[in-house]
Amino acid sequence: MGSTLGVAVVGFGWMGRVHTQAYARVPHHFPDLSVRPELIAVADEVPGRAEEAAAQYGFATAARDWREIAADPRVQAVSVAAPNFLHREIGVAMAEAGKHLWIEKPVGLTADDARAVAGAVAKTGVQGTVGFNYRNAPAVAAARELIAAGEIGTVTHVRIRLFSDYAAHPEGALTWRYERERGGSGVLGDLASHGVDLARFLLGEIASLTADTAVFLPERARPTGATAGHTRSTGGELGPVENEDYVSCLLRFASGARGVLEACRVSVGEQNNYGFEIHGTKGAVSWDFRRMGELGVSRGTSFQDQPVSTLYVGPGHGEYAAFQPGSANSMGYDDLKVIEAHNFLRSIAEGTPYGATLEDAVHSATALDAMARSAEHGTWVSPGN
Ligand SMILES: NC(=O)c1ccc[n+]([C@@H]2O[C@H](COP(=O)([O-])OP(=O)(O)OC[C@H]3O[C@@H](n4cnc5c(N)ncnc54)[C@H](O)[C@@H]3O)[C@@H](O)[C@H]2O)c1
């Protein structure tokens, strides 16, 4: 193991904790990595939260103001895990301060925000990695390889789904996620952003789309204290939900393939039901995040009545070998973030990007903006860039 790299985390809610744990674990899983992350600083605006994180995980410094991190010469790389409305300001400032950036999706409120962060990263020459973790699953890597190798023929159509109940409870608090100003879009940025990234990662660019959105729970109670993740609130004053709970979208890919992407945050009875079914002229692949290590595969020359088998991912698929020596040992969500941390640190060590970049975030955000425009005007829209 070579030199140390000073890292910091801004925003210590759910994702801040996951990034921190990933930094701690990455040397265990990727011992050949030539940089070793050292936890230098953590910032969170909630009083005491950064101090608690420092005590639990061993950050040298705790702060309430992220600007202290931007000014800290010991910090060379920063995780931005604060709410969406802060991504642009913090991301640009960190890049301009010469800090490499591991930033959570959707990278801001709009494609403009994502472009601003991408621009700062390109201009300053720092590395930028984005939290599109689902593409890191070894089964998704296996699906990509099968498709690219022509194993399912020419891709004809795909269904991508992201259904969750995290906002389904009527007492779910009106956190930043439901406000235009601090959250931006709703399920578009939260879940459909991952769906667009998977679509592009597996099938290439989206040429045009048409979308429909809906708000199903129009009011929520304001939180009465500090929040993290999906807090409940009762008795608080009711306020309006300002962004969409649901999106359905028809996709036309540049390749000619067709697709349906559907995402919902208020799906009662669905917990992290994320996945895809991709059909080609000779076969099909399907994946469900909840059975992360399994890929449904149909291939052969039968066309009709062609069997479907389960491929249990193993050491030959994606980064699986960094975790287990044999197939069908289950991996978890946190492992996808360890892979992402490795991509980030390896990008820094080698001076060339690995994994999802700010360019990918711009593409995803552009498609989300196009979905919002299409839903408003009822037309087909080309995401462009
Ligand atoms: N990749 C994924 O699968 C995934 C999953 C969940 C969330 N996310 C993304 O991660 C980001 C954070 O989401 P979360 O679920 O962790 O939210 P969260 O509400 O749990 O945590 C956000 C944290 O940021 C802190 N914060 C707010 N303002 C701040 C400021 N000015 N300076 C420093 N800290 C501040 C809050 O106090 C809180 O601790 C969002 O952009 C979200 O879209 C990604």
# chains A, B, ... in the order shown; residues from 1 in each chain; ligands from 1
$ select_by_dssp --residues "stretch 44-280 of chain A" --states "strand (DSSP E or B)" --output "VMD selection string"
chain A and resid 61 to 63 77 to 80 100 to 103 128 to 130 155 to 163 172 206 to 214 219 to 221 232 238 to 240 246 to 253 258 to 264 273 to 280
$ residues_around --residues "A:Gly293" --least-positions-apart "6" --cutoff "8 Å" --atoms "only C-alpha atoms" --output "PyMOL selection string"
chain A and resi 137-139+312-313+328-331
$ write_last_selection --atoms "all heavy atoms" --output "PDB file, in the first residue's frame"
ATOM      1  N   ALA A 137     -22.936  -3.323  -9.580  1.00  0.00           N
ATOM      2  CA  ALA A 137     -23.278  -4.712  -9.228  1.00  0.00           C
ATOM      3  C   ALA A 137     -22.655  -5.667 -10.255  1.00  0.00           C
ATOM      4  O   ALA A 137     -22.794  -5.450 -11.472  1.00  0.00           O
ATOM      5  CB  ALA A 137     -24.796  -4.889  -9.208  1.00  0.00           C
ATOM      6  N   PRO A 138     -21.972  -6.713  -9.799  1.00  0.00           N
ATOM      7  CA  PRO A 138     -21.355  -7.648 -10.746  1.00  0.00           C
ATOM      8  C   PRO A 138     -22.352  -8.229 -11.752  1.00  0.00           C
ATOM      9  O   PRO A 138     -21.983  -8.464 -12.915  1.00  0.00           O
ATOM     10  CB  PRO A 138     -20.781  -8.737  -9.830  1.00  0.00           C
ATOM     11  CG  PRO A 138     -20.447  -8.000  -8.568  1.00  0.00           C
ATOM     12  CD  PRO A 138     -21.560  -7.001  -8.401  1.00  0.00           C
ATOM     13  N   ALA A 139     -23.592  -8.436 -11.366  1.00  0.00           N
ATOM     14  CA  ALA A 139     -24.572  -8.974 -12.312  1.00  0.00           C
ATOM     15  C   ALA A 139     -24.884  -7.963 -13.414  1.00  0.00           C
ATOM     16  O   ALA A 139     -25.162  -8.341 -14.562  1.00  0.00           O
ATOM     17  CB  ALA A 139     -25.869  -9.364 -11.582  1.00  0.00           C
ATOM     18  N   TYR A 312     -25.503 -17.297 -11.391  1.00  0.00           N
ATOM     19  CA  TYR A 312     -25.059 -16.768 -10.101  1.00  0.00           C
ATOM     20  C   TYR A 312     -23.703 -16.121 -10.332  1.00  0.00           C
ATOM     21  O   TYR A 312     -22.767 -16.810 -10.752  1.00  0.00           O
ATOM     22  CB  TYR A 312     -24.951 -17.884  -9.060  1.00  0.00           C
ATOM     23  CG  TYR A 312     -26.298 -18.429  -8.654  1.00  0.00           C
ATOM     24  CD1 TYR A 312     -26.767 -19.640  -9.169  1.00  0.00           C
ATOM     25  CD2 TYR A 312     -27.104 -17.717  -7.783  1.00  0.00           C
ATOM     26  CE1 TYR A 312     -28.006 -20.126  -8.815  1.00  0.00           C
ATOM     27  CE2 TYR A 312     -28.351 -18.203  -7.417  1.00  0.00           C
ATOM     28  CZ  TYR A 312     -28.791 -19.400  -7.936  1.00  0.00           C
ATOM     29  OH  TYR A 312     -30.031 -19.881  -7.591  1.00  0.00           O
ATOM     30  N   VAL A 313     -23.597 -14.819 -10.072  1.00  0.00           N
ATOM     31  CA  VAL A 313     -22.337 -14.151 -10.394  1.00  0.00           C
ATOM     32  C   VAL A 313     -21.207 -14.658  -9.505  1.00  0.00           C
ATOM     33  O   VAL A 313     -21.436 -15.117  -8.382  1.00  0.00           O
ATOM     34  CB  VAL A 313     -22.430 -12.609 -10.309  1.00  0.00           C
ATOM     35  CG1 VAL A 313     -23.314 -12.060 -11.397  1.00  0.00           C
ATOM     36  CG2 VAL A 313     -22.859 -12.146  -8.933  1.00  0.00           C
ATOM     37  N   ALA A 328     -22.109 -17.073  -5.974  1.00  0.00           N
ATOM     38  CA  ALA A 328     -23.334 -17.177  -5.173  1.00  0.00           C
ATOM     39  C   ALA A 328     -23.150 -16.886  -3.686  1.00  0.00           C
ATOM     40  O   ALA A 328     -23.993 -17.250  -2.889  1.00  0.00           O
ATOM     41  CB  ALA A 328     -23.996 -18.548  -5.365  1.00  0.00           C
ATOM     42  N   ASN A 329     -22.035 -16.229  -3.325  1.00  0.00           N
ATOM     43  CA  ASN A 329     -21.954 -15.661  -1.977  1.00  0.00           C
ATOM     44  C   ASN A 329     -22.534 -14.250  -2.088  1.00  0.00           C
ATOM     45  O   ASN A 329     -22.022 -13.421  -2.839  1.00  0.00           O
ATOM     46  CB  ASN A 329     -20.502 -15.596  -1.503  1.00  0.00           C
ATOM     47  CG  ASN A 329     -19.987 -16.971  -1.133  1.00  0.00           C
ATOM     48  OD1 ASN A 329     -20.503 -17.611  -0.226  1.00  0.00           O
ATOM     49  ND2 ASN A 329     -18.990 -17.438  -1.858  1.00  0.00           N
ATOM     50  N   SER A 330     -23.583 -13.970  -1.328  1.00  0.00           N
ATOM     51  CA  SER A 330     -24.322 -12.717  -1.523  1.00  0.00           C
ATOM     52  C   SER A 330     -23.477 -11.484  -1.213  1.00  0.00           C
ATOM     53  O   SER A 330     -22.753 -11.467  -0.227  1.00  0.00           O
ATOM     54  CB  SER A 330     -25.544 -12.681  -0.609  1.00  0.00           C
ATOM     55  OG  SER A 330     -26.290 -13.844  -0.784  1.00  0.00           O
ATOM     56  N   MET A 331     -23.628 -10.476  -2.046  1.00  0.00           N
ATOM     57  CA  MET A 331     -23.068  -9.154  -1.746  1.00  0.00           C
ATOM     58  C   MET A 331     -24.222  -8.249  -1.331  1.00  0.00           C
ATOM     59  O   MET A 331     -25.388  -8.582  -1.503  1.00  0.00           O
ATOM     60  CB  MET A 331     -22.374  -8.574  -2.987  1.00  0.00           C
ATOM     61  CG  MET A 331     -21.060  -9.249  -3.313  1.00  0.00           C
ATOM     62  SD  MET A 331     -20.387  -8.716  -4.914  1.00  0.00           S
ATOM     63  CE  MET A 331     -20.105  -6.955  -4.627  1.00  0.00           C
TER      64      MET A 331
END
$ closest_residue --among "A:Val260, A:Leu336, A:Leu209, A:Ile278" --to "ligand 1" --atoms "only C-alpha atoms and all ligand atoms"
A:Leu336
$ closest_residue --among "A:His230, A:Arg135, A:Arg74, A:Arg161" --to "ligand 1" --atoms "only C-alpha atoms and all ligand atoms"
A:His230
$ closest_atom_pairs --of "chain A" --to "ligand 1" --cutoff "9 Å" --atoms "only C-alpha atoms and all ligand atoms" --output "tab-separated table"
residue	atom	partner	partner_atom_place_in_ligand_line	distance
A:Val9	CA	ligand 1	33 (C)	8.9
A:Val10	CA	ligand 1	33 (C)	5.3
A:Gly11	CA	ligand 1	24 (O)	3.5
A:Phe12	CA	ligand 1	39 (O)	4.2
A:Gly13	CA	ligand 1	21 (O)	3.2
A:Trp14	CA	ligand 1	16 (O)	3.7
A:Met15	CA	ligand 1	16 (O)	3.7
A:Gly16	CA	ligand 1	16 (O)	5.8
A:Arg17	CA	ligand 1	16 (O)	7.8
A:Val18	CA	ligand 1	16 (O)	8.4
A:Val42	CA	ligand 1	33 (C)	8.6
A:Ala43	CA	ligand 1	33 (C)	5.3
A:Asp44	CA	ligand 1	34 (N)	3.5
A:Glu45	CA	ligand 1	33 (C)	4.6
A:Val46	CA	ligand 1	37 (O)	4.9
A:Pro47	CA	ligand 1	37 (O)	8.6
A:Arg49	CA	ligand 1	39 (O)	7.2
A:Ala50	CA	ligand 1	39 (O)	8.5
A:Ala63	CA	ligand 1	33 (C)	8.5
A:Arg64	CA	ligand 1	33 (C)	6.4
A:Asp65	CA	ligand 1	32 (N)	5.8
A:Trp66	CA	ligand 1	32 (N)	5.5
A:Arg67	CA	ligand 1	32 (N)	8.7
A:Val80	CA	ligand 1	11 (C)	7.6
A:Ala81	CA	ligand 1	11 (C)	4.5
A:Ala82	CA	ligand 1	24 (O)	3.8
A:Pro83	CA	ligand 1	41 (O)	4.6
A:Asn84	CA	ligand 1	41 (O)	4.4
A:Phe85	CA	ligand 1	41 (O)	8.1
A:Leu86	CA	ligand 1	31 (N)	6.9
A:His87	CA	ligand 1	41 (O)	7.2
A:Ile90	CA	ligand 1	32 (N)	8.7
A:Ile103	CA	ligand 1	41 (O)	8.1
A:Glu104	CA	ligand 1	10 (O)	4.9
A:Lys105	CA	ligand 1	43 (O)	5.3
A:Pro106	CA	ligand 1	43 (O)	5.8
A:Val107	CA	ligand 1	41 (O)	6.9
A:Gly108	CA	ligand 1	41 (O)	7.5
A:Val130	CA	ligand 1	1 (N)	8.3
A:Gly131	CA	ligand 1	1 (N)	4.6
A:Phe132	CA	ligand 1	1 (N)	5.6
A:Asn133	CA	ligand 1	1 (N)	5.6
A:Tyr134	CA	ligand 1	3 (O)	7.6
A:Thr175	CA	ligand 1	19 (O)	7.7
A:Trp176	CA	ligand 1	19 (O)	7.5
A:Arg177	CA	ligand 1	19 (O)	8.1
A:Gly183	CA	ligand 1	41 (O)	8.1
A:Gly189	CA	ligand 1	43 (O)	6.8
A:Asp190	CA	ligand 1	43 (O)	5.3
A:Leu191	CA	ligand 1	3 (O)	8.2
A:His194	CA	ligand 1	3 (O)	7.9
A:Ala226	CA	ligand 1	37 (O)	7.0
A:Thr227	CA	ligand 1	19 (O)	6.1
A:Ala228	CA	ligand 1	20 (O)	3.6
A:Gly229	CA	ligand 1	20 (O)	3.5
A:His230	CA	ligand 1	20 (O)	7.2
A:Thr231	CA	ligand 1	19 (O)	8.7
A:Tyr333	CA	ligand 1	3 (O)	8.4
A:Lys337	CA	ligand 1	1 (N)	8.2
$ select_by_dssp --residues "stretch 187-368 of chain A" --states "helix (DSSP H, G or I)" --output "ChimeraX atom specification"
/A:187-203,289-291,320-322,333-350,358-368
$ residues_around --residues "A:Asn273" --least-positions-apart "4" --cutoff "10 Å" --atoms "only C-alpha atoms" --output "list in words"
Arg161, Leu162, Phe163, Ser164, Asp165, Ala263, Cys264, Ser267, Gly269, Asp288, Phe289, Arg290 and Arg291 of chain A
$ write_last_selection --atoms "C-alpha atoms" --output "mmCIF file, in the first residue's frame"
data_model
loop_
_atom_site.group_PDB
_atom_site.id
_atom_site.type_symbol
_atom_site.label_atom_id
_atom_site.label_comp_id
_atom_site.auth_asym_id
_atom_site.auth_seq_id
_atom_site.Cartn_x
_atom_site.Cartn_y
_atom_site.Cartn_z
ATOM 1 C CA ARG A 161 -38.277 -0.259 -12.822
ATOM 2 C CA LEU A 162 -37.464 1.525 -9.572
ATOM 3 C CA PHE A 163 -40.273 1.049 -7.068
ATOM 4 C CA SER A 164 -39.939 1.955 -3.434
ATOM 5 C CA ASP A 165 -42.142 2.692 -0.444
ATOM 6 C CA ALA A 263 -40.185 4.892 -10.933
ATOM 7 C CA CYS A 264 -42.257 5.511 -7.832
ATOM 8 C CA SER A 267 -45.320 2.122 -3.909
ATOM 9 C CA GLY A 269 -45.702 -3.259 -0.923
ATOM 10 C CA ASP A 288 -33.560 -7.605 -9.552
ATOM 11 C CA PHE A 289 -31.471 -5.593 -7.057
ATOM 12 C CA ARG A 290 -32.989 -7.568 -4.176
ATOM 13 C CA ARG A 291 -31.372 -10.722 -5.573
#
$ residues_around --residues "A:His279" --least-positions-apart "5" --cutoff "9 Å" --atoms "only C-alpha atoms" --output "PyMOL selection string"
chain A and resi 152-159+284-286
$ write_last_selection --atoms "all heavy atoms" --output "mmCIF file, in the first residue's frame"
data_model
loop_
_atom_site.group_PDB
_atom_site.id
_atom_site.type_symbol
_atom_site.label_atom_id
_atom_site.label_comp_id
_atom_site.auth_asym_id
_atom_site.auth_seq_id
_atom_site.Cartn_x
_atom_site.Cartn_y
_atom_site.Cartn_z
ATOM 1 N N ILE A 152 -27.543 -11.822 -26.701
ATOM 2 C CA ILE A 152 -29.016 -11.805 -26.794
ATOM 3 C C ILE A 152 -29.458 -11.204 -28.135
ATOM 4 O O ILE A 152 -30.607 -10.831 -28.315
ATOM 5 C CB ILE A 152 -29.680 -11.097 -25.594
ATOM 6 C CG1 ILE A 152 -29.342 -9.594 -25.547
ATOM 7 C CG2 ILE A 152 -29.314 -11.784 -24.270
ATOM 8 C CD1 ILE A 152 -30.227 -8.805 -24.574
ATOM 9 N N GLY A 153 -28.521 -11.114 -29.076
ATOM 10 C CA GLY A 153 -28.842 -10.567 -30.401
ATOM 11 C C GLY A 153 -28.906 -9.047 -30.344
ATOM 12 O O GLY A 153 -28.258 -8.417 -29.519
ATOM 13 N N THR A 154 -29.702 -8.477 -31.226
ATOM 14 C CA THR A 154 -29.892 -7.022 -31.227
ATOM 15 C C THR A 154 -30.948 -6.677 -30.192
ATOM 16 O O THR A 154 -32.044 -7.254 -30.213
ATOM 17 C CB THR A 154 -30.381 -6.564 -32.627
ATOM 18 O OG1 THR A 154 -29.394 -6.974 -33.580
ATOM 19 C CG2 THR A 154 -30.566 -5.059 -32.677
ATOM 20 N N VAL A 155 -30.625 -5.751 -29.307
ATOM 21 C CA VAL A 155 -31.602 -5.400 -28.261
ATOM 22 C C VAL A 155 -32.812 -4.733 -28.908
ATOM 23 O O VAL A 155 -32.680 -3.794 -29.710
ATOM 24 C CB VAL A 155 -30.971 -4.473 -27.201
ATOM 25 C CG1 VAL A 155 -32.042 -3.970 -26.233
ATOM 26 C CG2 VAL A 155 -29.871 -5.212 -26.447
ATOM 27 N N THR A 156 -33.988 -5.252 -28.554
ATOM 28 C CA THR A 156 -35.222 -4.703 -29.120
ATOM 29 C C THR A 156 -35.940 -3.805 -28.124
ATOM 30 O O THR A 156 -36.295 -2.682 -28.433
ATOM 31 C CB THR A 156 -36.157 -5.850 -29.548
ATOM 32 O OG1 THR A 156 -36.290 -6.779 -28.448
ATOM 33 C CG2 THR A 156 -35.612 -6.567 -30.774
ATOM 34 N N HIS A 157 -36.125 -4.314 -26.863
ATOM 35 C CA HIS A 157 -36.864 -3.493 -25.899
ATOM 36 C C HIS A 157 -36.472 -3.845 -24.474
ATOM 37 O O HIS A 157 -35.958 -4.928 -24.193
ATOM 38 C CB HIS A 157 -38.364 -3.623 -26.113
ATOM 39 C CG HIS A 157 -38.907 -5.009 -25.957
ATOM 40 N ND1 HIS A 157 -38.621 -6.022 -26.853
ATOM 41 C CD2 HIS A 157 -39.697 -5.546 -25.006
ATOM 42 C CE1 HIS A 157 -39.233 -7.116 -26.462
ATOM 43 N NE2 HIS A 157 -39.881 -6.877 -25.345
ATOM 44 N N VAL A 158 -36.727 -2.882 -23.578
ATOM 45 C CA VAL A 158 -36.271 -2.997 -22.186
ATOM 46 C C VAL A 158 -37.317 -2.378 -21.260
ATOM 47 O O VAL A 158 -38.005 -1.442 -21.642
ATOM 48 C CB VAL A 158 -34.908 -2.272 -22.029
ATOM 49 C CG1 VAL A 158 -34.962 -0.860 -22.569
ATOM 50 C CG2 VAL A 158 -34.465 -2.223 -20.585
ATOM 51 N N ARG A 159 -37.426 -2.969 -20.080
ATOM 52 C CA ARG A 159 -38.228 -2.344 -19.018
ATOM 53 C C ARG A 159 -37.311 -2.127 -17.820
ATOM 54 O O ARG A 159 -36.627 -3.049 -17.388
ATOM 55 C CB ARG A 159 -39.421 -3.229 -18.606
ATOM 56 C CG ARG A 159 -40.509 -3.292 -19.652
ATOM 57 C CD ARG A 159 -41.677 -4.154 -19.215
ATOM 58 N NE ARG A 159 -41.265 -5.507 -18.871
ATOM 59 C CZ ARG A 159 -40.885 -6.432 -19.766
ATOM 60 N NH1 ARG A 159 -40.857 -6.136 -21.049
ATOM 61 N NH2 ARG A 159 -40.528 -7.636 -19.376
ATOM 62 N N ALA A 284 -32.564 -12.830 -23.759
ATOM 63 C CA ALA A 284 -33.000 -11.820 -22.796
ATOM 64 C C ALA A 284 -32.136 -11.899 -21.538
ATOM 65 O O ALA A 284 -31.574 -12.959 -21.222
ATOM 66 C CB ALA A 284 -34.468 -12.036 -22.429
ATOM 67 N N VAL A 285 -32.036 -10.784 -20.823
ATOM 68 C CA VAL A 285 -31.415 -10.792 -19.491
ATOM 69 C C VAL A 285 -32.320 -10.012 -18.541
ATOM 70 O O VAL A 285 -32.998 -9.069 -18.948
ATOM 71 C CB VAL A 285 -30.002 -10.149 -19.462
ATOM 72 C CG1 VAL A 285 -28.978 -11.012 -20.176
ATOM 73 C CG2 VAL A 285 -30.009 -8.741 -20.042
ATOM 74 N N SER A 286 -32.342 -10.436 -17.278
ATOM 75 C CA SER A 286 -33.145 -9.710 -16.297
ATOM 76 C C SER A 286 -32.437 -9.697 -14.958
ATOM 77 O O SER A 286 -31.668 -10.619 -14.636
ATOM 78 C CB SER A 286 -34.533 -10.349 -16.153
ATOM 79 O OG SER A 286 -34.401 -11.663 -15.650
#
$ closest_residue --among "A:Val308, A:Asp334, A:Ala361, A:Pro315" --to "A:Gly195" --atoms "only C-alpha atoms"
A:Ala361
$ closest_residue --among "A:Gly204, A:Gly384, A:Gly316, A:Gly378" --to "A:Gly259" --atoms "only C-alpha atoms"
A:Gly204
$ atom_distance --atom1 "atom CA of A:Arg182" --atom2 "atom CA of A:Glu376"
20.7 Å
$ closest_residue --among "A:Ala207, A:Val140, A:Ala97, A:Ala70" --to "A:Tyr320" --atoms "only C-alpha atoms"
A:Val140
$ closest_residue --among "A:Ala168, A:Leu198, A:Val338, A:Leu174" --to "A:Arg220" --atoms "only C-alpha atoms"
A:Leu174
$ residues_around --residues "A:Ser3" --least-positions-apart "5" --cutoff "9 Å" --atoms "only C-alpha atoms" --output "list of chain:residue names"
A:Ser34, A:Val35, A:Arg36, A:Pro37
$ atom_distance --atom1 "atom CA of A:Phe201" --atom2 "atom CA of A:Ala356"
9.1 Å
$ residues_around --residues "A:Ala60" --least-positions-apart "4" --cutoff "8 Å" --atoms "only C-alpha atoms" --output "ChimeraX atom specification"
/A:39-41,54
$ decode --residues "stretch 267-290 of chain A" --atoms "N, CA and C atoms" --output "compact mmCIF listing (two decimals), in the first residue's frame"
# COMPACT_ATOMS: atom_id res chain seq x y z
N SER A 267 -44.75 3.42 -3.52
CA SER A 267 -45.32 2.12 -3.91
C SER A 267 -45.48 1.23 -2.68
N VAL A 268 -46.67 1.21 -2.12
CA VAL A 268 -46.93 0.33 -0.97
C VAL A 268 -46.70 -1.11 -1.41
N GLY A 269 -45.96 -1.85 -0.59
CA GLY A 269 -45.70 -3.26 -0.92
C GLY A 269 -44.45 -3.48 -1.75
N GLU A 270 -43.73 -2.39 -2.04
CA GLU A 270 -42.48 -2.53 -2.81
C GLU A 270 -41.33 -1.94 -2.00
N GLN A 271 -40.34 -2.76 -1.72
CA GLN A 271 -39.15 -2.25 -1.04
C GLN A 271 -37.95 -2.47 -1.97
N ASN A 272 -37.38 -1.37 -2.42
CA ASN A 272 -36.20 -1.44 -3.30
C ASN A 272 -36.40 -2.42 -4.45
N ASN A 273 -37.55 -2.38 -5.05
CA ASN A 273 -37.80 -3.22 -6.24
C ASN A 273 -37.22 -2.51 -7.46
N TYR A 274 -35.91 -2.67 -7.62
CA TYR A 274 -35.18 -2.01 -8.70
C TYR A 274 -34.65 -3.10 -9.63
N GLY A 275 -34.77 -2.88 -10.91
CA GLY A 275 -34.22 -3.88 -11.82
C GLY A 275 -34.60 -3.62 -13.26
N PHE A 276 -34.30 -4.60 -14.10
CA PHE A 276 -34.58 -4.44 -15.53
C PHE A 276 -34.83 -5.80 -16.18
N GLU A 277 -35.53 -5.74 -17.31
CA GLU A 277 -35.66 -6.88 -18.22
C GLU A 277 -35.32 -6.36 -19.60
N ILE A 278 -34.33 -7.00 -20.21
CA ILE A 278 -33.86 -6.53 -21.53
C ILE A 278 -34.02 -7.66 -22.53
N HIS A 279 -34.69 -7.36 -23.62
CA HIS A 279 -34.95 -8.38 -24.65
C HIS A 279 -34.18 -8.07 -25.93
N GLY A 280 -33.69 -9.14 -26.55
CA GLY A 280 -33.01 -9.00 -27.83
C GLY A 280 -33.60 -9.99 -28.83
N THR A 281 -33.09 -9.96 -30.06
CA THR A 281 -33.64 -10.83 -31.11
C THR A 281 -33.34 -12.30 -30.86
N LYS A 282 -32.36 -12.59 -29.97
CA LYS A 282 -32.01 -14.00 -29.72
C LYS A 282 -32.16 -14.42 -28.26
N GLY A 283 -32.37 -13.44 -27.35
CA GLY A 283 -32.40 -13.82 -25.94
C GLY A 283 -32.83 -12.66 -25.06
N ALA A 284 -32.56 -12.83 -23.76
CA ALA A 284 -33.00 -11.82 -22.80
C ALA A 284 -32.14 -11.90 -21.54
N VAL A 285 -32.04 -10.78 -20.82
CA VAL A 285 -31.41 -10.79 -19.49
C VAL A 285 -32.32 -10.01 -18.54
N SER A 286 -32.34 -10.44 -17.28
CA SER A 286 -33.15 -9.71 -16.30
C SER A 286 -32.44 -9.70 -14.96
N TRP A 287 -32.70 -8.64 -14.17
CA TRP A 287 -32.00 -8.46 -12.89
C TRP A 287 -32.92 -7.77 -11.90
N ASP A 288 -32.80 -8.20 -10.65
CA ASP A 288 -33.56 -7.61 -9.55
C ASP A 288 -32.56 -7.29 -8.44
N PHE A 289 -32.45 -6.01 -8.07
CA PHE A 289 -31.47 -5.59 -7.06
C PHE A 289 -31.58 -6.41 -5.77
N ARG A 290 -32.80 -6.85 -5.44
CA ARG A 290 -32.99 -7.57 -4.18
C ARG A 290 -32.39 -8.97 -4.21
